[in-house]
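Shown next: coords-v6.tsv, given as TSV, C-alpha atoms and all ligand atoms.
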```tsv
chain	number	residue	atom	x	y	z
A	29	MET	CA	-148.48	123.18	-85.17
A	30	THR	CA	-151.88	121.74	-86.10
A	31	ILE	CA	-152.63	121.85	-89.80
A	32	PRO	CA	-156.33	122.31	-90.59
A	33	ALA	CA	-158.03	119.35	-92.24
A	34	LEU	CA	-160.78	119.51	-94.85
A	35	THR	CA	-163.43	116.81	-95.16
A	36	LEU	CA	-163.72	115.49	-98.71
A	37	ASN	CA	-167.07	114.62	-100.32
A	38	ASP	CA	-166.43	110.92	-99.56
A	39	GLY	CA	-166.03	111.60	-95.83
A	40	HIS	CA	-162.23	111.25	-95.71
A	41	SER	CA	-160.14	113.99	-94.21
A	42	ILE	CA	-157.17	115.72	-95.92
A	43	PRO	CA	-154.59	118.08	-94.38
A	44	GLN	CA	-155.08	121.39	-96.18
A	45	LEU	CA	-151.31	121.94	-96.38
A	46	GLY	CA	-148.90	119.35	-97.76
A	47	PHE	CA	-145.54	119.04	-99.48
A	48	GLY	CA	-145.22	118.58	-103.27
A	49	VAL	CA	-142.31	116.81	-104.92
A	50	PHE	CA	-142.59	117.75	-108.62
A	51	LYS	CA	-139.02	118.18	-109.93
A	52	VAL	CA	-137.46	116.92	-106.70
A	53	ASP	CA	-134.45	114.90	-107.86
A	54	PRO	CA	-135.10	111.17	-107.21
A	55	ALA	CA	-131.63	110.91	-105.63
A	56	GLU	CA	-132.50	113.71	-103.16
A	57	THR	CA	-136.13	112.82	-102.53
A	58	GLU	CA	-135.67	110.63	-99.45
A	59	ARG	CA	-133.66	113.35	-97.68
A	60	ILE	CA	-135.96	116.21	-98.71
A	61	VAL	CA	-139.19	114.36	-97.82
A	62	SER	CA	-137.58	113.32	-94.51
A	63	ASP	CA	-136.92	117.03	-93.85
A	64	ALA	CA	-140.57	117.82	-94.62
A	65	LEU	CA	-141.80	115.05	-92.29
A	66	GLU	CA	-139.48	116.31	-89.54
A	67	VAL	CA	-140.81	119.85	-89.99
A	68	GLY	CA	-144.29	118.40	-89.46
A	69	TYR	CA	-145.84	117.85	-92.89
A	70	ARG	CA	-148.03	114.74	-93.03
A	71	HIS	CA	-149.40	115.14	-96.57
A	72	ILE	CA	-147.13	114.38	-99.55
A	73	ASP	CA	-148.10	114.89	-103.20
A	74	THR	CA	-146.15	112.83	-105.74
A	75	ALA	CA	-146.86	111.19	-109.13
A	76	ALA	CA	-145.58	108.21	-111.08
A	77	ILE	CA	-144.14	110.53	-113.75
A	78	TYR	CA	-142.07	112.45	-111.18
A	79	GLY	CA	-139.85	109.36	-110.92
A	80	ASN	CA	-139.46	109.85	-107.17
A	81	GLU	CA	-142.12	107.62	-105.57
A	82	SER	CA	-139.39	105.28	-104.29
A	83	GLY	CA	-137.68	108.13	-102.46
A	84	VAL	CA	-141.01	109.15	-100.92
A	85	GLY	CA	-141.53	105.52	-99.86
A	86	ARG	CA	-138.10	105.30	-98.24
A	87	ALA	CA	-138.66	108.54	-96.32
A	88	ILE	CA	-142.03	107.29	-95.06
A	89	ALA	CA	-140.56	103.95	-93.99
A	90	ALA	CA	-137.62	105.61	-92.24
A	91	SER	CA	-139.84	108.13	-90.43
A	92	GLY	CA	-141.62	105.60	-88.25
A	93	ILE	CA	-144.74	107.80	-88.46
A	94	PRO	CA	-147.88	105.64	-88.16
A	95	ARG	CA	-149.43	105.13	-91.60
A	96	GLU	CA	-152.80	106.50	-90.52
A	97	GLU	CA	-151.20	109.86	-89.65
A	98	LEU	CA	-149.99	110.31	-93.24
A	99	PHE	CA	-151.87	111.42	-96.34
A	100	ILE	CA	-150.16	110.24	-99.53
A	101	THR	CA	-151.26	111.19	-103.05
A	102	THR	CA	-149.95	109.81	-106.31
A	103	LYS	CA	-151.17	109.99	-109.91
A	104	LEU	CA	-151.86	107.86	-112.96
A	105	TYR	CA	-149.82	109.13	-115.91
A	106	ASN	CA	-151.24	109.64	-119.38
A	107	GLU	CA	-149.57	106.67	-121.05
A	108	ASP	CA	-151.02	104.35	-118.37
A	109	GLN	CA	-154.63	105.37	-118.97
A	110	GLY	CA	-157.06	102.53	-119.78
A	111	THR	CA	-158.47	99.83	-117.50
A	112	ASP	CA	-155.74	97.19	-117.39
A	113	SER	CA	-152.83	99.61	-117.68
A	114	ALA	CA	-154.26	101.79	-114.91
A	115	HIS	CA	-154.52	98.81	-112.56
A	116	ALA	CA	-150.94	97.81	-113.42
A	117	ALA	CA	-149.69	101.38	-112.89
A	118	MET	CA	-151.36	101.56	-109.46
A	119	ALA	CA	-149.71	98.28	-108.44
A	120	LYS	CA	-146.29	99.66	-109.43
A	121	SER	CA	-146.85	102.95	-107.59
A	122	LEU	CA	-147.80	101.10	-104.39
A	123	GLU	CA	-144.71	98.92	-104.72
A	124	ARG	CA	-142.42	101.93	-105.16
A	125	LEU	CA	-144.11	103.75	-102.27
A	126	GLU	CA	-143.87	100.58	-100.11
A	127	LEU	CA	-147.53	101.08	-99.19
A	128	ASP	CA	-150.65	98.90	-99.16
A	129	TYR	CA	-152.84	101.85	-100.08
A	130	VAL	CA	-152.60	105.52	-100.96
A	131	ASP	CA	-154.93	108.14	-99.57
A	132	LEU	CA	-155.66	109.77	-102.90
A	133	TYR	CA	-155.14	108.57	-106.48
A	134	LEU	CA	-155.60	111.03	-109.33
A	135	ILE	CA	-155.84	110.89	-113.11
A	136	HIS	CA	-152.91	113.24	-113.79
A	137	TRP	CA	-154.22	114.84	-117.02
A	138	PRO	CA	-157.39	114.22	-119.03
A	139	SER	CA	-155.24	113.63	-122.13
A	140	PRO	CA	-158.23	114.21	-124.42
A	141	ALA	CA	-156.49	112.88	-127.55
A	142	ARG	CA	-156.36	109.43	-125.92
A	143	ASN	CA	-160.06	109.53	-125.07
A	144	LEU	CA	-159.48	107.13	-122.18
A	145	TYR	CA	-160.21	109.29	-119.17
A	146	VAL	CA	-163.76	108.02	-118.58
A	147	GLU	CA	-162.57	104.41	-118.76
A	148	SER	CA	-159.63	105.25	-116.48
A	149	TRP	CA	-161.97	106.98	-114.04
A	150	LYS	CA	-164.04	103.80	-113.75
A	151	ALA	CA	-160.81	101.85	-113.09
A	152	LEU	CA	-159.97	104.27	-110.24
A	153	ASP	CA	-163.40	103.57	-108.77
A	154	GLU	CA	-162.56	99.84	-108.82
A	155	MET	CA	-159.26	100.55	-107.06
A	156	ARG	CA	-161.09	102.45	-104.35
A	157	ALA	CA	-163.55	99.57	-103.92
A	158	ALA	CA	-160.57	97.20	-103.64
A	159	GLY	CA	-159.03	99.35	-100.87
A	160	LEU	CA	-155.95	100.38	-102.87
A	161	THR	CA	-156.81	104.05	-102.42
A	162	ARG	CA	-159.07	105.78	-99.92
A	163	SER	CA	-160.15	108.61	-102.23
A	164	ILE	CA	-160.04	109.21	-105.95
A	165	GLY	CA	-159.87	112.40	-107.94
A	166	VAL	CA	-158.68	114.07	-111.08
A	167	SER	CA	-156.10	116.64	-112.05
A	168	ASN	CA	-156.03	119.26	-114.77
A	169	PHE	CA	-159.67	118.59	-115.63
A	170	LEU	CA	-161.42	121.55	-117.30
A	171	VAL	CA	-165.20	122.02	-117.26
A	172	PRO	CA	-165.95	119.74	-120.27
A	173	HIS	CA	-163.79	116.93	-118.85
A	174	LEU	CA	-165.48	117.18	-115.44
A	175	GLU	CA	-168.93	117.30	-117.01
A	176	ARG	CA	-168.19	114.20	-119.04
A	177	ILE	CA	-167.06	112.01	-116.12
A	178	LEU	CA	-169.98	113.26	-114.02
A	179	ALA	CA	-172.40	112.35	-116.82
A	180	GLU	CA	-170.84	109.01	-117.76
A	181	SER	CA	-170.04	107.59	-114.31
A	182	GLY	CA	-171.92	107.71	-111.05
A	183	THR	CA	-168.81	108.88	-109.24
A	184	VAL	CA	-167.94	112.45	-108.24
A	185	PRO	CA	-164.20	113.14	-107.83
A	186	ALA	CA	-163.11	114.06	-104.31
A	187	VAL	CA	-160.67	116.66	-105.69
A	188	ASN	CA	-159.56	118.36	-108.87
A	189	GLN	CA	-155.88	119.33	-108.73
A	190	ILE	CA	-155.36	122.27	-111.09
A	191	GLU	CA	-152.86	125.02	-111.82
A	192	LEU	CA	-153.95	127.85	-109.54
A	193	HIS	CA	-152.12	130.95	-108.29
A	194	PRO	CA	-153.03	134.66	-108.13
A	195	TYR	CA	-152.49	135.29	-111.89
A	196	PHE	CA	-154.53	132.20	-112.89
A	197	GLN	CA	-157.44	131.19	-110.69
A	198	GLN	CA	-159.70	129.15	-113.03
A	199	PRO	CA	-163.02	130.46	-111.62
A	200	ALA	CA	-165.22	128.38	-113.96
A	201	VAL	CA	-163.49	125.14	-112.95
A	202	THR	CA	-163.57	125.88	-109.22
A	203	ALA	CA	-167.24	126.98	-109.40
A	204	LEU	CA	-168.28	123.71	-111.05
A	205	GLY	CA	-166.21	121.87	-108.43
A	206	ALA	CA	-167.94	123.73	-105.60
A	207	GLU	CA	-171.34	122.85	-107.05
A	208	HIS	CA	-170.44	119.16	-106.77
A	209	GLY	CA	-168.44	119.30	-103.54
A	210	ILE	CA	-165.15	118.68	-105.39
A	211	ALA	CA	-162.27	120.18	-103.40
A	212	THR	CA	-159.76	122.33	-105.27
A	213	GLU	CA	-156.10	121.43	-104.96
A	214	ALA	CA	-153.91	124.29	-106.23
A	215	TRP	CA	-150.75	123.17	-108.01
A	216	GLY	CA	-148.02	125.70	-108.68
A	217	PRO	CA	-149.38	127.73	-105.75
A	218	LEU	CA	-146.39	130.09	-105.97
A	219	GLY	CA	-146.64	130.28	-109.77
A	220	GLN	CA	-143.69	127.85	-109.98
A	221	GLY	CA	-141.37	130.89	-109.83
A	222	LYS	CA	-142.30	131.61	-113.47
A	223	TYR	CA	-143.44	135.19	-112.86
A	224	PRO	CA	-142.29	137.61	-110.16
A	225	LEU	CA	-145.30	136.90	-107.94
A	226	LEU	CA	-143.26	137.21	-104.75
A	227	GLU	CA	-141.99	140.67	-105.76
A	228	LEU	CA	-145.37	142.22	-106.60
A	229	PRO	CA	-146.00	145.26	-104.35
A	230	GLU	CA	-149.55	144.00	-103.74
A	231	ILE	CA	-147.92	140.99	-102.02
A	232	THR	CA	-144.79	142.51	-100.45
A	233	GLU	CA	-146.75	145.32	-98.75
A	234	ILE	CA	-149.03	142.77	-97.08
A	235	ALA	CA	-145.96	140.73	-96.13
A	236	THR	CA	-144.39	143.76	-94.42
A	237	ALA	CA	-147.61	144.48	-92.55
A	238	HIS	CA	-147.75	140.94	-91.14
A	239	GLU	CA	-143.97	140.47	-90.72
A	240	LYS	CA	-144.22	137.39	-92.94
A	241	SER	CA	-142.53	136.47	-96.21
A	242	ALA	CA	-144.19	137.03	-99.58
A	243	ALA	CA	-144.44	133.24	-100.05
A	244	GLN	CA	-146.26	132.90	-96.73
A	245	ILE	CA	-148.73	135.60	-97.78
A	246	VAL	CA	-149.53	133.84	-101.07
A	247	LEU	CA	-149.87	130.46	-99.35
A	248	ARG	CA	-152.06	131.99	-96.65
A	249	TRP	CA	-154.26	133.48	-99.41
A	250	HIS	CA	-154.71	129.94	-100.79
A	251	ILE	CA	-155.60	128.58	-97.35
A	252	GLN	CA	-158.21	131.30	-96.82
A	253	GLN	CA	-159.61	130.67	-100.34
A	254	GLY	CA	-160.20	127.09	-99.17
A	255	HIS	CA	-157.63	125.53	-101.52
A	256	ILE	CA	-155.53	122.52	-100.63
A	257	VAL	CA	-151.84	123.39	-101.28
A	258	PHE	CA	-148.53	121.54	-101.28
A	259	PRO	CA	-145.72	123.97	-102.14
A	260	LYS	CA	-142.43	122.46	-103.22
A	261	SER	CA	-138.96	123.48	-102.08
A	262	ASN	CA	-135.64	121.69	-101.76
A	263	SER	CA	-134.51	124.00	-98.98
A	264	ARG	CA	-135.22	123.00	-95.39
A	265	ALA	CA	-135.54	126.66	-94.38
A	266	ARG	CA	-138.22	127.28	-97.02
A	267	ILE	CA	-139.93	123.98	-96.26
A	268	ALA	CA	-140.28	125.23	-92.67
A	269	GLU	CA	-141.30	128.75	-93.80
A	270	ASN	CA	-144.06	127.33	-96.02
A	271	PHE	CA	-145.41	125.32	-93.07
A	272	ASP	CA	-145.68	128.36	-90.82
A	273	LEU	CA	-148.98	129.82	-92.04
A	274	PHE	CA	-151.33	129.47	-89.12
A	275	ASP	CA	-150.42	132.23	-86.64
A	276	PHE	CA	-151.84	135.12	-88.70
A	277	GLU	CA	-154.79	135.95	-90.92
A	278	LEU	CA	-155.25	138.16	-93.98
A	279	THR	CA	-157.98	140.78	-93.75
A	280	GLY	CA	-160.87	140.68	-96.20
A	281	ASP	CA	-159.33	143.61	-98.10
A	282	GLU	CA	-155.92	141.94	-98.28
A	283	GLN	CA	-157.49	138.72	-99.49
A	284	ALA	CA	-159.49	140.62	-102.14
A	285	SER	CA	-156.47	142.57	-103.37
A	286	ILE	CA	-154.60	139.31	-104.06
A	287	THR	CA	-157.66	137.80	-105.78
A	288	ALA	CA	-157.76	140.93	-107.98
A	289	LEU	CA	-154.35	139.97	-109.46
A	290	GLU	CA	-156.07	137.47	-111.84
A	291	ARG	CA	-154.97	137.93	-115.44
A	292	GLY	CA	-155.40	134.60	-117.19
A	293	GLY	CA	-151.71	133.87	-116.72
A	294	ARG	CA	-151.31	130.12	-117.13
A	295	VAL	CA	-147.66	129.06	-116.56
A	296	GLY	CA	-148.03	125.30	-117.13
A	297	GLY	CA	-149.42	123.07	-119.88
A	298	ASP	CA	-152.90	123.49	-121.35
A	299	PRO	CA	-154.92	120.38	-120.39
A	300	ASN	CA	-156.48	120.30	-123.87
A	301	GLU	CA	-153.03	119.90	-125.38
A	302	VAL	CA	-151.11	117.73	-122.89
A	303	ASN	CA	-151.41	114.16	-124.09
A	401	LIG	P1	-144.70	125.97	-106.66
A	401	LIG	O1	-145.61	127.08	-107.05
A	401	LIG	O2	-144.88	125.27	-105.36
A	401	LIG	O3	-143.26	126.55	-106.83
A	401	LIG	C1	-142.13	125.88	-106.39
A	401	LIG	C2	-140.96	126.82	-106.48
A	401	LIG	O4	-141.22	127.99	-105.69
A	401	LIG	C3	-139.72	126.19	-105.87
A	401	LIG	O5	-138.96	125.53	-106.84
A	401	LIG	C4	-138.98	127.36	-105.29
A	401	LIG	O6	-138.12	127.87	-106.27
A	401	LIG	C5	-140.04	128.37	-105.03
A	401	LIG	N1	-140.32	128.49	-103.58
A	401	LIG	C6	-140.85	127.55	-102.75
A	401	LIG	N2	-140.97	128.02	-101.50
A	401	LIG	C7	-140.49	129.30	-101.52
A	401	LIG	C8	-140.35	130.31	-100.55
A	401	LIG	N3	-140.73	130.12	-99.30
A	401	LIG	N4	-139.81	131.49	-100.94
A	401	LIG	C9	-139.44	131.71	-102.21
A	401	LIG	N5	-139.57	130.80	-103.19
A	401	LIG	C10	-140.08	129.60	-102.85
A	401	LIG	O7	-144.76	124.91	-107.88
A	401	LIG	P2	-144.84	123.36	-108.03
A	401	LIG	O8	-143.78	122.64	-107.30
A	401	LIG	O9	-144.92	123.10	-109.48
A	401	LIG	O10	-146.26	123.00	-107.38
A	401	LIG	C11	-146.40	122.40	-106.11
A	401	LIG	C12	-146.76	120.94	-106.24
A	401	LIG	O11	-147.93	120.78	-107.05
A	401	LIG	C13	-145.73	120.10	-106.99
A	401	LIG	O12	-144.57	119.86	-106.25
A	401	LIG	C14	-146.55	118.88	-107.32
A	401	LIG	O13	-146.70	118.08	-106.17
A	401	LIG	C15	-147.87	119.52	-107.71
A	401	LIG	N6	-147.99	119.74	-109.19
A	401	LIG	C16	-148.95	119.05	-109.86
A	401	LIG	C17	-149.10	119.21	-111.21
A	401	LIG	C18	-150.17	118.46	-111.93
A	401	LIG	O14	-150.16	118.47	-113.18
A	401	LIG	N7	-151.07	117.83	-111.25
A	401	LIG	C19	-148.25	120.08	-111.93
A	401	LIG	C20	-147.27	120.78	-111.21
A	401	LIG	C21	-147.16	120.62	-109.84
```
For this file, produce the structure as structure tokens.
Amino acid sequence: MTIPALTLNDGHSIPQLGFGVFKVDPAETERIVSDALEVGYRHIDTAAIYGNESGVGRAIAASGIPREELFITTKLYNEDQGTDSAHAAMAKSLERLELDYVDLYLIHWPSPARNLYVESWKALDEMRAAGLTRSIGVSNFLVPHLERILAESGTVPAVNQIELHPYFQQPAVTALGAEHGIATEAWGPLGQGKYPLLELPEITEIATAHEKSAAQIVLRWHIQQGHIVFPKSNSRARIAENFDLFDFELTGDEQASITALERGGRVGGDPNEVN
């Protein structure tokens, strides 16, 4: 199975489908990430605050997969924002991941009350220049946060990783991203199981028509919207199911009917309030 790759605005390539490890138990992470690598995933999305970078690192080391075939993302947590603390946090993440570099390093949340995200952004640029990460980006940045880093640094993020699923599509954020060539990474692509997305008739009818699961239909919608996605599951069967998205296509009408589900339904934290 060949996973499509997108080219980021800095010229690096990213597999459009990956595996996310938010809330994967650190004690189970090595086994679960090993399952994902065996299924064929080559893109893993973790974060320092998930507490499971070491498990990701052990799975990578045990896999024997050449480093250049992998795409590894991790994130700078709020309490580590600031120049020196960001550099120290990156060093610790690389140590836990047993890597010399990551492919993508993100500011996890703008954390506006700290007012350190511009300074932290400049630190990420230094890390990229030093070869510690290939690409840099942000996460949970709303329009004012993006506008501020664009205005106050010469550096455009490669990605913005935001909550995005059919009930909550953040059109203003993705439009500003598109204007600047910032790729959209959709976190919580299945709505984190917090609303009955996979039982909506608009989804299940399309699933029946394609002989696919409801989760595959939603993930395929993301792929056709151009989002980068990394659904999470602890179950090997679902990990495999979520990887199997490339032997069918939604019609324009099917795609539009899922897009029409938008209702401002945020399920995670509000980036203005998460500090
Ligand atoms: P998700 O939408 O991927 O939902 C995961 C849940 O969906 C699983 O726990 C499981 O219960 C269910 N699920 C998965 N596959 C399924 C299937 N085939 N059928 C039925 N149910 C299925 O939510 P997520 O894990 O929060 O988001 C994905 C990734 O995004 C995370 O693992 C993490 O890497 C990233 N993320 C980033 C942020 C951020 O602030 N940057 C926040 C949350 C998540």
Quick one: contact table of chain A to ligand LIG 401 (chain A), 9 Å max, nearest atom pair and distance in Å to one decimal per residue, counting all atoms listed in the file, chain and number order, as a Markdown table?
```
| residue | atom | partner | partner_atom | distance |
| --- | --- | --- | --- | --- |
| A:Gly46 | CA | A:LIG401 | O13 | 8.8 |
| A:Phe47 | CA | A:LIG401 | O13 | 6.9 |
| A:Gly48 | CA | A:LIG401 | O13 | 3.3 |
| A:Val49 | CA | A:LIG401 | O12 | 4.0 |
| A:Phe50 | CA | A:LIG401 | O12 | 3.7 |
| A:Lys51 | CA | A:LIG401 | O12 | 6.9 |
| A:Val52 | CA | A:LIG401 | O12 | 7.7 |
| A:Ile72 | CA | A:LIG401 | O13 | 7.6 |
| A:Asp73 | CA | A:LIG401 | O13 | 4.6 |
| A:Thr74 | CA | A:LIG401 | O13 | 5.3 |
| A:Ala75 | CA | A:LIG401 | O13 | 7.5 |
| A:Tyr78 | CA | A:LIG401 | C14 | 8.7 |
| A:Thr101 | CA | A:LIG401 | O13 | 8.8 |
| A:Thr102 | CA | A:LIG401 | O13 | 8.9 |
| A:Lys103 | CA | A:LIG401 | N7 | 8.0 |
| A:Leu134 | CA | A:LIG401 | N7 | 8.4 |
| A:Ile135 | CA | A:LIG401 | N7 | 8.6 |
| A:His136 | CA | A:LIG401 | N7 | 5.6 |
| A:Trp137 | CA | A:LIG401 | O14 | 6.7 |
| A:Val166 | CA | A:LIG401 | N7 | 8.5 |
| A:Ser167 | CA | A:LIG401 | N7 | 5.2 |
| A:Asn168 | CA | A:LIG401 | O14 | 6.1 |
| A:Asn188 | CA | A:LIG401 | N7 | 8.8 |
| A:Gln189 | CA | A:LIG401 | N7 | 5.6 |
| A:Ile190 | CA | A:LIG401 | N7 | 6.2 |
| A:Glu191 | CA | A:LIG401 | C19 | 6.8 |
| A:Leu192 | CA | A:LIG401 | O1 | 8.7 |
| A:His193 | CA | A:LIG401 | O1 | 7.7 |
| A:Glu213 | CA | A:LIG401 | O11 | 8.5 |
| A:Ala214 | CA | A:LIG401 | O11 | 7.0 |
| A:Trp215 | CA | A:LIG401 | O11 | 3.8 |
| A:Gly216 | CA | A:LIG401 | O1 | 3.2 |
| A:Pro217 | CA | A:LIG401 | O1 | 4.0 |
| A:Leu218 | CA | A:LIG401 | O1 | 3.3 |
| A:Gly219 | CA | A:LIG401 | O1 | 4.3 |
| A:Gln220 | CA | A:LIG401 | O3 | 3.4 |
| A:Gly221 | CA | A:LIG401 | O4 | 5.1 |
| A:Lys222 | CA | A:LIG401 | O3 | 8.4 |
| A:Leu226 | CA | A:LIG401 | C9 | 7.2 |
| A:Ser241 | CA | A:LIG401 | N3 | 7.3 |
| A:Ala242 | CA | A:LIG401 | N4 | 7.2 |
| A:Ala243 | CA | A:LIG401 | N3 | 4.9 |
| A:Gln244 | CA | A:LIG401 | N3 | 6.7 |
| A:Val257 | CA | A:LIG401 | C11 | 7.3 |
| A:Phe258 | CA | A:LIG401 | C12 | 5.3 |
| A:Pro259 | CA | A:LIG401 | O2 | 3.6 |
| A:Lys260 | CA | A:LIG401 | O2 | 4.3 |
| A:Ser261 | CA | A:LIG401 | C6 | 4.5 |
| A:Asn262 | CA | A:LIG401 | O5 | 7.2 |
| A:Ser263 | CA | A:LIG401 | N2 | 8.0 |
| A:Ala265 | CA | A:LIG401 | N3 | 7.9 |
| A:Arg266 | CA | A:LIG401 | N3 | 4.4 |
| A:Ile267 | CA | A:LIG401 | N2 | 6.7 |
| A:Ala268 | CA | A:LIG401 | N3 | 8.3 |
| A:Glu269 | CA | A:LIG401 | N3 | 5.7 |
| A:Asn270 | CA | A:LIG401 | N3 | 5.4 |
| A:Gly296 | CA | A:LIG401 | C19 | 7.4 |
| A:Gly297 | CA | A:LIG401 | O14 | 8.2 |
| A:Pro299 | CA | A:LIG401 | O14 | 8.8 |
```
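In this model, the gap between CA of Phe271 (chain A) and CA of Ala203 (chain A) comes to 27.3 Å.
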Q: Would you mind reading off the distance between CA of Leu36 (chain A) and CA of Pro185 (chain A), one decimal, in Å?
A: 9.4 Å
Q) For Glu207 (chain A), which residue out of A:Ser62, A:Val84, A:Asn37, A:Ala288 is the nearest one, using only C-alpha atoms? A)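 For Glu207 (chain A), the nearest of the given residues is A:Asn37.
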For region 217-221 of chain A, what centre and edge lengths in Å (one decimal) does the axis-aligned box get once 5 Å is added on each side of all its listed atoms, as lines of an AutoDock Vina configuration file?
```
center_x = -145.4
center_y = 129.3
center_z = -107.9
size_x = 18.0
size_y = 13.2
size_z = 14.2
```
Q. CA of Val295 (chain A) and CA of Glu107 (chain A), how far apart in Å?
A.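 For CA of Glu107 (chain A) relative to CA of Val295 (chain A), the distance reads 22.9 Å.
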Quick one: residues within 9 Å of region 120-131 of chain A, all atoms listed in the file, excluding same-chain residues fewer than 5 positions away - as a PDB file with C-alpha atoms, keeping the file's coordinate frame?
```pdb
ATOM      1  CA  HIS A  40    -162.230 111.250 -95.710  1.00  0.00           C
ATOM      2  CA  ILE A  42    -157.170 115.720 -95.920  1.00  0.00           C
ATOM      3  CA  ALA A  75    -146.860 111.190-109.130  1.00  0.00           C
ATOM      4  CA  ALA A  76    -145.580 108.210-111.080  1.00  0.00           C
ATOM      5  CA  ASN A  80    -139.460 109.850-107.170  1.00  0.00           C
ATOM      6  CA  GLU A  81    -142.120 107.620-105.570  1.00  0.00           C
ATOM      7  CA  SER A  82    -139.390 105.280-104.290  1.00  0.00           C
ATOM      8  CA  GLY A  83    -137.680 108.130-102.460  1.00  0.00           C
ATOM      9  CA  VAL A  84    -141.010 109.150-100.920  1.00  0.00           C
ATOM     10  CA  GLY A  85    -141.530 105.520 -99.860  1.00  0.00           C
ATOM     11  CA  ARG A  86    -138.100 105.300 -98.240  1.00  0.00           C
ATOM     12  CA  ILE A  88    -142.030 107.290 -95.060  1.00  0.00           C
ATOM     13  CA  ALA A  89    -140.560 103.950 -93.990  1.00  0.00           C
ATOM     14  CA  ARG A  95    -149.430 105.130 -91.600  1.00  0.00           C
ATOM     15  CA  LEU A  98    -149.990 110.310 -93.240  1.00  0.00           C
ATOM     16  CA  PHE A  99    -151.870 111.420 -96.340  1.00  0.00           C
ATOM     17  CA  ILE A 100    -150.160 110.240 -99.530  1.00  0.00           C
ATOM     18  CA  THR A 101    -151.260 111.190-103.050  1.00  0.00           C
ATOM     19  CA  THR A 102    -149.950 109.810-106.310  1.00  0.00           C
ATOM     20  CA  LYS A 103    -151.170 109.990-109.910  1.00  0.00           C
ATOM     21  CA  LEU A 104    -151.860 107.860-112.960  1.00  0.00           C
ATOM     22  CA  HIS A 115    -154.520  98.810-112.560  1.00  0.00           C
ATOM     23  CA  GLY A 159    -159.030  99.350-100.870  1.00  0.00           C
ATOM     24  CA  LEU A 160    -155.950 100.380-102.870  1.00  0.00           C
ATOM     25  CA  THR A 161    -156.810 104.050-102.420  1.00  0.00           C
ATOM     26  CA  ARG A 162    -159.070 105.780 -99.920  1.00  0.00           C
ATOM     27  CA  SER A 163    -160.150 108.610-102.230  1.00  0.00           C
ATOM     28  CA  ILE A 164    -160.040 109.210-105.950  1.00  0.00           C
TER      29      ILE A 164
END
```
Q) Could you name the residues that touch Phe274 (chain A) at 12 Å or less, counting only C-alpha atoms, but leaving out those on the same chain fewer than 5 positions away, as a PyMOL selection string? A) chain A and resi 29-32+44-45+240+244-245+247-249+251-252+269
Q) Taking all atoms listed in the file into account, which of A:Leu170, A:Met118, A:Pro194, A:Asn143 comes nearest Arg156 (chain A)? A)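 Using all atoms listed in the file, Arg156 (chain A) sits closest to A:Met118.
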Q) Which one is closest to Arg142 (chain A): A:Asp53, A:Glu154, A:Asp272, A:Asp108? Count all atoms listed in the file. A)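 Looking only at the distances to Arg142 (chain A), the closest residue turns out to be A:Asp108.
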**Q.** Residue neighbourhood region 179-182 of chain A, 12 Å, all atoms listed in the file, exclusion window fewer than 5 positions, as number ranges by chain
**A.** A: 145-153, 172-174
**Q.** Which residue of A:Gly205, A:Pro224, A:Gly165, A:Pro140 approaches Asp298 (chain A) most closely, using all atoms listed in the file
**A.**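 Between A:Gly205, A:Pro224, A:Gly165, A:Pro140, the residue approaching Asp298 (chain A) most closely is A:Pro140.
Shortest separation to Ser139 (chain A) among A:Asn300, A:Leu278, A:Arg59, A:His238 occurs at residue A:Asn300, atoms counted being all atoms listed in the file.
Between Ala200 (chain A) and the residues A:Val184, A:Val61, A:Leu228, A:Val171, the shortest atom-to-atom distance, using only C-alpha atoms, involves A:Val171.
Residue neighbourhood of Arg264 (chain A), excluding near-sequence residues (fewer than 5 positions): Ile60, Asp63, Ala64, Val67 and Glu269 of chain A, at 9 Å, using all atoms listed in the file.
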Based on the selection just made, write C-alpha atoms of those residues as a PDB file, in the frame of the given file.
```
ATOM      1  CA  ILE A  60    -135.960 116.210 -98.710  1.00  0.00           C
ATOM      2  CA  ASP A  63    -136.920 117.030 -93.850  1.00  0.00           C
ATOM      3  CA  ALA A  64    -140.570 117.820 -94.620  1.00  0.00           C
ATOM      4  CA  VAL A  67    -140.810 119.850 -89.990  1.00  0.00           C
ATOM      5  CA  GLU A 269    -141.300 128.750 -93.800  1.00  0.00           C
TER       6      GLU A 269
END
```
